[in-house]
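Text of model-v4.pdb (PDB, C-alpha atoms and all ligand atoms) as supplied:
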ATOM      1  CA  MET G   1       8.900   1.027  11.806  1.00  0.00           C
ATOM      2  CA  ARG G   2       5.560  -0.188  10.500  1.00  0.00           C
ATOM      3  CA  ILE G   3       4.509   2.057   7.675  1.00  0.00           C
ATOM      4  CA  VAL G   4       1.633   1.900   5.189  1.00  0.00           C
ATOM      5  CA  PHE G   5       1.730   3.530   1.775  1.00  0.00           C
ATOM      6  CA  LEU G   6      -1.720   4.626   0.724  1.00  0.00           C
ATOM      7  CA  GLY G   7      -2.436   6.231  -2.613  1.00  0.00           C
ATOM      8  CA  PRO G   8      -4.143   5.709  -5.946  1.00  0.00           C
ATOM      9  CA  PRO G   9      -2.571   3.626  -8.689  1.00  0.00           C
ATOM     10  CA  GLY G  10       0.079   5.706 -10.445  1.00  0.00           C
ATOM     11  CA  ALA G  11       0.900   7.887  -7.421  1.00  0.00           C
ATOM     12  CA  GLY G  12       4.404   6.391  -7.309  1.00  0.00           C
ATOM     13  CA  LYS G  13       3.983   3.995  -4.373  1.00  0.00           C
ATOM     14  CA  GLY G  14       6.185   1.324  -5.959  1.00  0.00           C
ATOM     15  CA  THR G  15       9.009   3.738  -6.862  1.00  0.00           C
ATOM     16  CA  GLN G  16       9.028   5.466  -3.490  1.00  0.00           C
ATOM     17  CA  ALA G  17       8.636   2.159  -1.650  1.00  0.00           C
ATOM     18  CA  GLY G  18      11.790   0.825  -3.332  1.00  0.00           C
ATOM     19  CA  ARG G  19      13.772   3.796  -2.067  1.00  0.00           C
ATOM     20  CA  LEU G  20      12.214   3.794   1.339  1.00  0.00           C
ATOM     21  CA  VAL G  21      12.956   0.155   2.147  1.00  0.00           C
ATOM     22  CA  ALA G  22      16.596   0.761   1.231  1.00  0.00           C
ATOM     23  CA  TYR G  23      16.572   3.732   3.633  1.00  0.00           C
ATOM     24  CA  LEU G  24      14.722   1.933   6.449  1.00  0.00           C
ATOM     25  CA  GLN G  25      16.335  -1.460   5.831  1.00  0.00           C
ATOM     26  CA  CYS G  26      13.013  -3.230   6.121  1.00  0.00           C
ATOM     27  CA  PRO G  27      10.993  -5.548   3.855  1.00  0.00           C
ATOM     28  CA  HIS G  28       8.785  -4.099   1.137  1.00  0.00           C
ATOM     29  CA  ILE G  29       5.465  -5.904   1.207  1.00  0.00           C
ATOM     30  CA  SER G  30       3.448  -5.280  -1.919  1.00  0.00           C
ATOM     31  CA  THR G  31       0.256  -7.314  -2.138  1.00  0.00           C
ATOM     32  CA  GLY G  32       0.007  -6.427  -5.856  1.00  0.00           C
ATOM     33  CA  GLU G  33       3.466  -7.925  -6.429  1.00  0.00           C
ATOM     34  CA  MET G  34       2.589 -11.029  -4.381  1.00  0.00           C
ATOM     35  CA  LEU G  35      -0.617 -11.479  -6.380  1.00  0.00           C
ATOM     36  CA  ARG G  36       1.197 -11.049  -9.727  1.00  0.00           C
ATOM     37  CA  GLN G  37       3.651 -13.770  -8.651  1.00  0.00           C
ATOM     38  CA  ILE G  38       0.784 -16.166  -7.894  1.00  0.00           C
ATOM     39  CA  VAL G  39      -0.762 -15.381 -11.292  1.00  0.00           C
ATOM     40  CA  GLN G  40       2.521 -16.339 -12.987  1.00  0.00           C
ATOM     41  CA  GLN G  41       2.324 -19.813 -11.461  1.00  0.00           C
ATOM     42  CA  GLN G  42      -0.822 -20.475 -13.549  1.00  0.00           C
ATOM     43  CA  THR G  43      -2.441 -22.620 -10.838  1.00  0.00           C
ATOM     44  CA  ASP G  44      -6.245 -22.589 -10.405  1.00  0.00           C
ATOM     45  CA  LEU G  45      -5.815 -19.948  -7.716  1.00  0.00           C
ATOM     46  CA  GLY G  46      -3.538 -17.959 -10.016  1.00  0.00           C
ATOM     47  CA  LYS G  47      -6.087 -18.054 -12.822  1.00  0.00           C
ATOM     48  CA  ASP G  48      -8.788 -16.968 -10.422  1.00  0.00           C
ATOM     49  CA  ILE G  49      -6.739 -14.004  -9.224  1.00  0.00           C
ATOM     50  CA  GLU G  50      -5.767 -13.066 -12.782  1.00  0.00           C
ATOM     51  CA  ARG G  51      -9.382 -12.319 -13.609  1.00  0.00           C
ATOM     52  CA  TYR G  52      -9.563  -9.646 -10.910  1.00  0.00           C
ATOM     53  CA  LEU G  53      -6.218  -8.105 -11.822  1.00  0.00           C
ATOM     54  CA  LYS G  54      -7.018  -7.947 -15.520  1.00  0.00           C
ATOM     55  CA  ALA G  55     -10.337  -6.255 -14.816  1.00  0.00           C
ATOM     56  CA  GLY G  56      -8.745  -3.790 -12.382  1.00  0.00           C
ATOM     57  CA  ARG G  57     -10.987  -5.042  -9.594  1.00  0.00           C
ATOM     58  CA  LEU G  58      -9.973  -5.727  -6.019  1.00  0.00           C
ATOM     59  CA  VAL G  59      -9.198  -9.322  -5.120  1.00  0.00           C
ATOM     60  CA  PRO G  60     -11.608 -10.565  -2.394  1.00  0.00           C
ATOM     61  CA  ASN G  61     -10.646  -9.501   1.121  1.00  0.00           C
ATOM     62  CA  GLU G  62     -10.333 -13.022   2.570  1.00  0.00           C
ATOM     63  CA  MET G  63      -7.769 -14.012  -0.057  1.00  0.00           C
ATOM     64  CA  VAL G  64      -5.569 -10.945   0.367  1.00  0.00           C
ATOM     65  CA  ILE G  65      -5.856 -10.922   4.153  1.00  0.00           C
ATOM     66  CA  LYS G  66      -4.720 -14.556   4.316  1.00  0.00           C
ATOM     67  CA  LEU G  67      -1.800 -13.863   2.000  1.00  0.00           C
ATOM     68  CA  LEU G  68      -0.723 -10.764   3.900  1.00  0.00           C
ATOM     69  CA  THR G  69      -1.062 -12.276   7.376  1.00  0.00           C
ATOM     70  CA  ARG G  70       1.075 -15.235   6.353  1.00  0.00           C
ATOM     71  CA  ARG G  71       3.745 -12.853   5.031  1.00  0.00           C
ATOM     72  CA  LEU G  72       3.759 -10.735   8.209  1.00  0.00           C
ATOM     73  CA  GLU G  73       4.467 -13.849  10.218  1.00  0.00           C
ATOM     74  CA  GLU G  74       7.826 -14.321   8.531  1.00  0.00           C
ATOM     75  CA  ASP G  75      10.968 -13.539  10.528  1.00  0.00           C
ATOM     76  CA  ASP G  76      12.092 -10.522   8.538  1.00  0.00           C
ATOM     77  CA  CYS G  77       8.895  -8.657   9.493  1.00  0.00           C
ATOM     78  CA  ARG G  78       9.584  -8.750  13.211  1.00  0.00           C
ATOM     79  CA  ASN G  79      11.047  -5.252  13.445  1.00  0.00           C
ATOM     80  CA  GLY G  80       9.005  -3.475  10.838  1.00  0.00           C
ATOM     81  CA  TYR G  81       7.976  -3.284   7.205  1.00  0.00           C
ATOM     82  CA  LEU G  82       6.540  -1.108   4.542  1.00  0.00           C
ATOM     83  CA  LEU G  83       3.090  -2.135   3.375  1.00  0.00           C
ATOM     84  CA  ASP G  84       2.424  -1.060  -0.196  1.00  0.00           C
ATOM     85  CA  GLY G  85      -1.114  -1.664  -1.492  1.00  0.00           C
ATOM     86  CA  PHE G  86      -2.519  -3.055   1.749  1.00  0.00           C
ATOM     87  CA  PRO G  87      -4.942  -2.247   3.298  1.00  0.00           C
ATOM     88  CA  ARG G  88      -7.220  -1.258   0.436  1.00  0.00           C
ATOM     89  CA  THR G  89     -10.621  -1.704   2.095  1.00  0.00           C
ATOM     90  CA  ALA G  90     -12.146  -0.978   5.495  1.00  0.00           C
ATOM     91  CA  GLN G  91     -12.287  -4.697   6.221  1.00  0.00           C
ATOM     92  CA  GLN G  92      -8.573  -5.072   5.506  1.00  0.00           C
ATOM     93  CA  ALA G  93      -7.723  -2.040   7.665  1.00  0.00           C
ATOM     94  CA  GLU G  94      -9.793  -3.389  10.544  1.00  0.00           C
ATOM     95  CA  HIS G  95      -8.205  -6.794  10.205  1.00  0.00           C
ATOM     96  CA  LEU G  96      -4.721  -5.271  10.262  1.00  0.00           C
ATOM     97  CA  GLU G  97      -5.524  -3.210  13.339  1.00  0.00           C
ATOM     98  CA  VAL G  98      -6.781  -6.231  15.285  1.00  0.00           C
ATOM     99  CA  TYR G  99      -3.870  -8.356  14.081  1.00  0.00           C
ATOM    100  CA  LEU G 100      -1.338  -5.762  15.268  1.00  0.00           C
ATOM    101  CA  GLN G 101      -3.136  -5.308  18.585  1.00  0.00           C
ATOM    102  CA  GLU G 102      -2.905  -9.053  19.151  1.00  0.00           C
ATOM    103  CA  GLN G 103       0.839  -8.776  18.549  1.00  0.00           C
ATOM    104  CA  GLY G 104       0.995  -5.942  21.090  1.00  0.00           C
ATOM    105  CA  THR G 105       2.024  -3.452  18.448  1.00  0.00           C
ATOM    106  CA  GLN G 106       0.628  -0.882  16.036  1.00  0.00           C
ATOM    107  CA  LEU G 107       1.326   1.070  12.864  1.00  0.00           C
ATOM    108  CA  ASP G 108       3.670   4.066  13.094  1.00  0.00           C
ATOM    109  CA  GLY G 109       2.252   5.990  10.172  1.00  0.00           C
ATOM    110  CA  VAL G 110       0.133   5.866   7.038  1.00  0.00           C
ATOM    111  CA  LEU G 111       1.596   7.974   4.247  1.00  0.00           C
ATOM    112  CA  GLU G 112      -0.898   8.995   1.593  1.00  0.00           C
ATOM    113  CA  LEU G 113       0.694   9.816  -1.765  1.00  0.00           C
ATOM    114  CA  CYS G 114      -1.544  12.431  -3.391  1.00  0.00           C
ATOM    115  CA  ALA G 115      -1.746  13.301  -7.099  1.00  0.00           C
ATOM    116  CA  THR G 116      -4.404  14.622  -9.491  1.00  0.00           C
ATOM    117  CA  LYS G 117      -6.468  12.227 -11.584  1.00  0.00           C
ATOM    118  CA  GLU G 118      -5.058  13.590 -14.879  1.00  0.00           C
ATOM    119  CA  GLU G 119      -1.484  13.103 -13.702  1.00  0.00           C
ATOM    120  CA  LEU G 120      -2.298   9.565 -12.523  1.00  0.00           C
ATOM    121  CA  ILE G 121      -3.785   8.557 -15.867  1.00  0.00           C
ATOM    122  CA  GLN G 122      -0.770   9.976 -17.762  1.00  0.00           C
ATOM    123  CA  ARG G 123       1.655   8.141 -15.522  1.00  0.00           C
ATOM    124  CA  LEU G 124      -0.214   4.834 -15.765  1.00  0.00           C
ATOM    125  CA  LEU G 125      -0.403   5.007 -19.538  1.00  0.00           C
ATOM    126  CA  ALA G 126       3.340   5.732 -19.674  1.00  0.00           C
ATOM    127  CA  ARG G 127       3.973   2.750 -17.400  1.00  0.00           C
ATOM    128  CA  ALA G 128       1.876   0.557 -19.679  1.00  0.00           C
ATOM    129  CA  GLY G 129       4.304   1.357 -22.486  1.00  0.00           C
ATOM    130  CA  ALA G 130       7.369   0.771 -20.321  1.00  0.00           C
ATOM    131  CA  GLN G 131       6.364  -2.312 -18.295  1.00  0.00           C
ATOM    132  CA  GLY G 132       3.496  -3.826 -20.280  1.00  0.00           C
ATOM    133  CA  ARG G 133       1.317  -4.455 -17.212  1.00  0.00           C
ATOM    134  CA  ALA G 134      -2.015  -5.983 -18.283  1.00  0.00           C
ATOM    135  CA  ASP G 135      -3.966  -3.660 -15.955  1.00  0.00           C
ATOM    136  CA  ASP G 136      -2.503  -0.407 -17.313  1.00  0.00           C
ATOM    137  CA  ARG G 137      -5.013  -0.014 -20.199  1.00  0.00           C
ATOM    138  CA  LEU G 138      -7.207   3.091 -20.132  1.00  0.00           C
ATOM    139  CA  GLU G 139     -10.527   1.440 -19.273  1.00  0.00           C
ATOM    140  CA  VAL G 140      -8.899  -0.747 -16.616  1.00  0.00           C
ATOM    141  CA  ILE G 141      -7.082   2.323 -15.246  1.00  0.00           C
ATOM    142  CA  ARG G 142     -10.441   4.065 -14.865  1.00  0.00           C
ATOM    143  CA  THR G 143     -11.874   1.063 -13.002  1.00  0.00           C
ATOM    144  CA  ARG G 144      -8.842   0.971 -10.697  1.00  0.00           C
ATOM    145  CA  LEU G 145      -9.165   4.678  -9.941  1.00  0.00           C
ATOM    146  CA  GLU G 146     -12.897   4.262  -9.240  1.00  0.00           C
ATOM    147  CA  GLN G 147     -12.192   1.325  -6.936  1.00  0.00           C
ATOM    148  CA  TYR G 148      -9.610   3.461  -5.143  1.00  0.00           C
ATOM    149  CA  GLU G 149     -12.078   6.299  -4.611  1.00  0.00           C
ATOM    150  CA  ALA G 150     -14.871   3.999  -3.441  1.00  0.00           C
ATOM    151  CA  GLU G 151     -13.001   1.435  -1.351  1.00  0.00           C
ATOM    152  CA  THR G 152      -9.589   2.755  -0.402  1.00  0.00           C
ATOM    153  CA  HIS G 153      -9.806   6.532  -0.088  1.00  0.00           C
ATOM    154  CA  PRO G 154     -12.185   6.258   2.912  1.00  0.00           C
ATOM    155  CA  LEU G 155      -9.235   4.794   4.822  1.00  0.00           C
ATOM    156  CA  VAL G 156      -7.779   8.312   4.992  1.00  0.00           C
ATOM    157  CA  GLU G 157     -10.476   9.133   7.530  1.00  0.00           C
ATOM    158  CA  PHE G 158     -10.022   5.826   9.329  1.00  0.00           C
ATOM    159  CA  TYR G 159      -6.324   6.603   9.900  1.00  0.00           C
ATOM    160  CA  ALA G 160      -6.777  10.339  10.451  1.00  0.00           C
ATOM    161  CA  LYS G 161      -8.988   9.500  13.434  1.00  0.00           C
ATOM    162  CA  ARG G 162      -6.107   7.482  14.833  1.00  0.00           C
ATOM    163  CA  ASN G 163      -3.588  10.321  14.209  1.00  0.00           C
ATOM    164  CA  LEU G 164      -1.688   8.120  11.791  1.00  0.00           C
ATOM    165  CA  HIS G 165      -2.449   9.859   8.486  1.00  0.00           C
ATOM    166  CA  PHE G 166       0.278  11.911   6.757  1.00  0.00           C
ATOM    167  CA  PRO G 167      -0.454  13.331   3.289  1.00  0.00           C
ATOM    168  CA  ILE G 168       2.493  13.613   0.885  1.00  0.00           C
ATOM    169  CA  GLN G 169       2.348  15.680  -2.316  1.00  0.00           C
ATOM    170  CA  ALA G 170       3.418  13.131  -4.911  1.00  0.00           C
ATOM    171  CA  MET G 171       3.248  15.295  -8.048  1.00  0.00           C
ATOM    172  CA  GLY G 172       6.816  16.603  -7.947  1.00  0.00           C
ATOM    173  CA  HIS G 173      10.151  15.083  -8.883  1.00  0.00           C
ATOM    174  CA  VAL G 174      10.780  11.631  -7.337  1.00  0.00           C
ATOM    175  CA  ASP G 175      13.712  13.021  -5.309  1.00  0.00           C
ATOM    176  CA  ASP G 176      11.577  15.804  -3.838  1.00  0.00           C
ATOM    177  CA  VAL G 177       8.765  13.396  -2.992  1.00  0.00           C
ATOM    178  CA  PHE G 178      11.246  11.091  -1.312  1.00  0.00           C
ATOM    179  CA  ALA G 179      12.715  13.990   0.686  1.00  0.00           C
ATOM    180  CA  GLU G 180       9.227  14.815   1.959  1.00  0.00           C
ATOM    181  CA  ILE G 181       8.667  11.187   2.927  1.00  0.00           C
ATOM    182  CA  VAL G 182      11.921  11.146   4.891  1.00  0.00           C
ATOM    183  CA  ASN G 183      10.914  14.383   6.657  1.00  0.00           C
ATOM    184  CA  VAL G 184       7.622  12.826   7.710  1.00  0.00           C
ATOM    185  CA  LEU G 185       9.355   9.672   8.937  1.00  0.00           C
ATOM    186  CA  GLU G 186      11.776  11.741  10.992  1.00  0.00           C
ATOM    187  CA  TYR G 187       8.833  13.570  12.508  1.00  0.00           C
ATOM    188  CA  ILE G 188       7.131  10.233  13.325  1.00  0.00           C
ATOM    189  CA  SER G 189      10.312   8.925  14.845  1.00  0.00           C
ATOM    190  CA  ARG G 190      10.795  12.012  17.056  1.00  0.00           C
ATOM    191  CA  LYS G 191       7.174  11.799  18.139  1.00  0.00           C
ATOM    192  CA  ARG G 192       7.613   8.132  19.010  1.00  0.00           C
ATOM    193  CA  GLU G 193      10.645   8.953  21.152  1.00  0.00           C
ATOM    194  CA  ARG G 194       8.718  11.729  22.918  1.00  0.00           C
ATOM    195  CA  ASP G 195       5.741   9.425  23.558  1.00  0.00           C
ATOM    196  CA  ARG G 196       8.051   6.783  24.968  1.00  0.00           C
ATOM    197  CA  GLY G 197       9.641   9.306  27.300  1.00  0.00           C
ATOM    198  CA  ALA G 198       6.271  10.658  28.467  1.00  0.00           C
TER     199      ALA G 198
HETATM  200  P1  LIG W 201      -0.866  -2.779  -7.194  1.00  0.00           P
HETATM  201  O1  LIG W 201       0.372  -3.412  -7.724  1.00  0.00           O
HETATM  202  O2  LIG W 201      -0.776  -2.437  -5.737  1.00  0.00           O
HETATM  203  O3  LIG W 201      -1.342  -1.639  -8.051  1.00  0.00           O
HETATM  204  O4  LIG W 201      -2.026  -3.901  -7.279  1.00  0.00           O
HETATM  205  C1  LIG W 201      -2.406  -4.466  -8.502  1.00  0.00           C
HETATM  206  C2  LIG W 201      -3.742  -5.159  -8.367  1.00  0.00           C
HETATM  207  O5  LIG W 201      -3.667  -6.215  -7.407  1.00  0.00           O
HETATM  208  C3  LIG W 201      -4.894  -4.273  -7.882  1.00  0.00           C
HETATM  209  O6  LIG W 201      -5.491  -3.536  -8.934  1.00  0.00           O
HETATM  210  C4  LIG W 201      -5.852  -5.325  -7.306  1.00  0.00           C
HETATM  211  O7  LIG W 201      -6.531  -6.008  -8.343  1.00  0.00           O
HETATM  212  C5  LIG W 201      -4.881  -6.315  -6.664  1.00  0.00           C
HETATM  213  N1  LIG W 201      -4.590  -5.981  -5.252  1.00  0.00           N
HETATM  214  C6  LIG W 201      -3.405  -5.573  -4.729  1.00  0.00           C
HETATM  215  N2  LIG W 201      -3.492  -5.362  -3.419  1.00  0.00           N
HETATM  216  C7  LIG W 201      -4.772  -5.629  -3.080  1.00  0.00           C
HETATM  217  C8  LIG W 201      -5.504  -5.581  -1.860  1.00  0.00           C
HETATM  218  N3  LIG W 201      -4.936  -5.167  -0.721  1.00  0.00           N
HETATM  219  N4  LIG W 201      -6.825  -5.930  -1.895  1.00  0.00           N
HETATM  220  C9  LIG W 201      -7.415  -6.336  -3.024  1.00  0.00           C
HETATM  221  N5  LIG W 201      -6.788  -6.397  -4.218  1.00  0.00           N
HETATM  222  C10 LIG W 201      -5.482  -6.041  -4.251  1.00  0.00           C
END
For the structure just supplied, provide its representation as structure tokens.
Ligand code: AMP
Amino acid sequence: MRIVFLGPPGAGKGTQAGRLVAYLQCPHISTGEMLRQIVQQQTDLGKDIERYLKAGRLVPNEMVIKLLTRRLEEDDCRNGYLLDGFPRTAQQAEHLEVYLQEQGTQLDGVLELCATKEELIQRLLARAGAQGRADDRLEVIRTRLEQYEAETHPLVEFYAKRNLHFPIQAMGHVDDVFAEIVNVLEYISRKRERDRGA
């Protein structure tokens, strides 16, 4: 299955993605994680990327698209993957759509993890304490949430038009959220079987 996790920072994408890839037995592709690894290498590119991450701003499309496309070409992605944090802009979503069309395939579903702004801020501040991520400070959190609203949230409409959008209430206990995700995936899978048979 080719699944995208959409949702604001703090909605629990990383936590749920970890569980989901174990369930689906597919690679977890997190562009945020890939970017943080490049930053750690302290190359010129890494230093460049670090500036965006620290400010809570999106890394330029061309850079992320190149990184992601290269990753999707690896062998383990042949039968499916979970994309976590990509696409985040209309340009990235359009690129992904064309890329998949060229491969003769498409996404199976885009799961939007939904939570209120207050809950998101609380969660991100708690994570800052636990993981010490440089972009989990209050002012950076606000910038990241604003970027999400402006650049990423419009993708809900983009995918809804393609009948790929599935909202998930992400405010509850992690187990309950995961159960809802599995329900949605089972629905997608049944639908796929029906479409194949039609
Ligand atoms: P995440 O771990 O998904 O919260 O991503 C952390 C940071 O990496 C984001 O705040 C952005 O600065 C950057 N980033 C991750 N994915 C993307 C993307 N698809 N496009 C642009 N920037 C990204």
For a quick check of understanding, using all atoms listed in the file, which of G:Ala93, G:Val182, G:Ala160, G:Leu58 has the smallest distance to ligand LIG 201 (chain W)? G:Leu58
Apply the PyMOL selection byres (((not hetatm)) within 7 of (chain W and resi 201)) to the file shown and report the selected residues as a PDB file with C-alpha atoms, keeping the file's coordinate frame.
ATOM      1  CA  PRO G   9      -2.571   3.626  -8.689  1.00  0.00           C
ATOM      2  CA  SER G  30       3.448  -5.280  -1.919  1.00  0.00           C
ATOM      3  CA  THR G  31       0.256  -7.314  -2.138  1.00  0.00           C
ATOM      4  CA  GLY G  32       0.007  -6.427  -5.856  1.00  0.00           C
ATOM      5  CA  GLU G  33       3.466  -7.925  -6.429  1.00  0.00           C
ATOM      6  CA  LEU G  35      -0.617 -11.479  -6.380  1.00  0.00           C
ATOM      7  CA  TYR G  52      -9.563  -9.646 -10.910  1.00  0.00           C
ATOM      8  CA  LEU G  53      -6.218  -8.105 -11.822  1.00  0.00           C
ATOM      9  CA  GLY G  56      -8.745  -3.790 -12.382  1.00  0.00           C
ATOM     10  CA  ARG G  57     -10.987  -5.042  -9.594  1.00  0.00           C
ATOM     11  CA  LEU G  58      -9.973  -5.727  -6.019  1.00  0.00           C
ATOM     12  CA  VAL G  59      -9.198  -9.322  -5.120  1.00  0.00           C
ATOM     13  CA  PRO G  60     -11.608 -10.565  -2.394  1.00  0.00           C
ATOM     14  CA  ASN G  61     -10.646  -9.501   1.121  1.00  0.00           C
ATOM     15  CA  VAL G  64      -5.569 -10.945   0.367  1.00  0.00           C
ATOM     16  CA  ASP G  84       2.424  -1.060  -0.196  1.00  0.00           C
ATOM     17  CA  GLY G  85      -1.114  -1.664  -1.492  1.00  0.00           C
ATOM     18  CA  PHE G  86      -2.519  -3.055   1.749  1.00  0.00           C
ATOM     19  CA  PRO G  87      -4.942  -2.247   3.298  1.00  0.00           C
ATOM     20  CA  ARG G  88      -7.220  -1.258   0.436  1.00  0.00           C
ATOM     21  CA  THR G  89     -10.621  -1.704   2.095  1.00  0.00           C
ATOM     22  CA  ARG G 144      -8.842   0.971 -10.697  1.00  0.00           C
TER      23      ARG G 144
END
For the atom pair CA of Gln91 in chain G and CA of Phe166 in chain G, what is the interatomic distance in Å to one decimal place?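 For CA of Gln91 in chain G relative to CA of Phe166 in chain G, the distance reads 20.8 Å.
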When the PyMOL selection byres (((chain G and resi 82) around 10) and not hetatm) is applied to the structure above, which residues does it catch, written out as a ChimeraX atom specification? /G:1-5,17-18,20-21,24-30,77,80-81,83-86,110
Restricting the output to C-alpha atoms, write the selected residues as a PDB file, in the frame of the given file.
ATOM      1  CA  MET G   1       8.900   1.027  11.806  1.00  0.00           C
ATOM      2  CA  ARG G   2       5.560  -0.188  10.500  1.00  0.00           C
ATOM      3  CA  ILE G   3       4.509   2.057   7.675  1.00  0.00           C
ATOM      4  CA  VAL G   4       1.633   1.900   5.189  1.00  0.00           C
ATOM      5  CA  PHE G   5       1.730   3.530   1.775  1.00  0.00           C
ATOM      6  CA  ALA G  17       8.636   2.159  -1.650  1.00  0.00           C
ATOM      7  CA  GLY G  18      11.790   0.825  -3.332  1.00  0.00           C
ATOM      8  CA  LEU G  20      12.214   3.794   1.339  1.00  0.00           C
ATOM      9  CA  VAL G  21      12.956   0.155   2.147  1.00  0.00           C
ATOM     10  CA  LEU G  24      14.722   1.933   6.449  1.00  0.00           C
ATOM     11  CA  GLN G  25      16.335  -1.460   5.831  1.00  0.00           C
ATOM     12  CA  CYS G  26      13.013  -3.230   6.121  1.00  0.00           C
ATOM     13  CA  PRO G  27      10.993  -5.548   3.855  1.00  0.00           C
ATOM     14  CA  HIS G  28       8.785  -4.099   1.137  1.00  0.00           C
ATOM     15  CA  ILE G  29       5.465  -5.904   1.207  1.00  0.00           C
ATOM     16  CA  SER G  30       3.448  -5.280  -1.919  1.00  0.00           C
ATOM     17  CA  CYS G  77       8.895  -8.657   9.493  1.00  0.00           C
ATOM     18  CA  GLY G  80       9.005  -3.475  10.838  1.00  0.00           C
ATOM     19  CA  TYR G  81       7.976  -3.284   7.205  1.00  0.00           C
ATOM     20  CA  LEU G  83       3.090  -2.135   3.375  1.00  0.00           C
ATOM     21  CA  ASP G  84       2.424  -1.060  -0.196  1.00  0.00           C
ATOM     22  CA  GLY G  85      -1.114  -1.664  -1.492  1.00  0.00           C
ATOM     23  CA  PHE G  86      -2.519  -3.055   1.749  1.00  0.00           C
ATOM     24  CA  VAL G 110       0.133   5.866   7.038  1.00  0.00           C
TER      25      VAL G 110
END
Using only C-alpha atoms, determine which residues lie at most 10 Å from Leu164 in chain G, disregarding the query and same-chain residues fewer than 6 positions distant; provide the list as JSON, numbers by chain. {"G": [3, 4, 107, 108, 109, 110, 111, 156, 157, 158, 188]}
Export of prior selection with C-alpha atoms as a compact mmCIF listing (two decimals), in the coordinates of the input:
# COMPACT_ATOMS: atom_id res chain seq x y z
CA ILE G 3 4.51 2.06 7.68
CA VAL G 4 1.63 1.90 5.19
CA LEU G 107 1.33 1.07 12.86
CA ASP G 108 3.67 4.07 13.09
CA GLY G 109 2.25 5.99 10.17
CA VAL G 110 0.13 5.87 7.04
CA LEU G 111 1.60 7.97 4.25
CA VAL G 156 -7.78 8.31 4.99
CA GLU G 157 -10.48 9.13 7.53
CA PHE G 158 -10.02 5.83 9.33
CA ILE G 188 7.13 10.23 13.32
Can you spell out as number ranges by chain the set of residues that the PyMOL selection byres (((chain G and resi 141) around 12) and not hetatm) selects in the structure I just provided? G: 8-10, 53-57, 117-118, 120-128, 133-140, 142-148
Do you have the CA of Ile65 in chain G-CA of His95 in chain G distance handy?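 So the two atoms, CA of Ile65 in chain G and CA of His95 in chain G, lie 7.7 Å apart.
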So how far away is CA of Gly46 in chain G from CA of Glu62 in chain G, in Å?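 Separation between CA of Glu62 in chain G and CA of Gly46 in chain G: 15.1 Å.
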Between G:Leu45, G:Glu193, G:Met34, G:Gly12, which residue has the minimum interatomic distance to Glu119 in chain G, considering only C-alpha atoms?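 Once distances to Glu119 in chain G are computed over only C-alpha atoms, the minimum belongs to G:Gly12.
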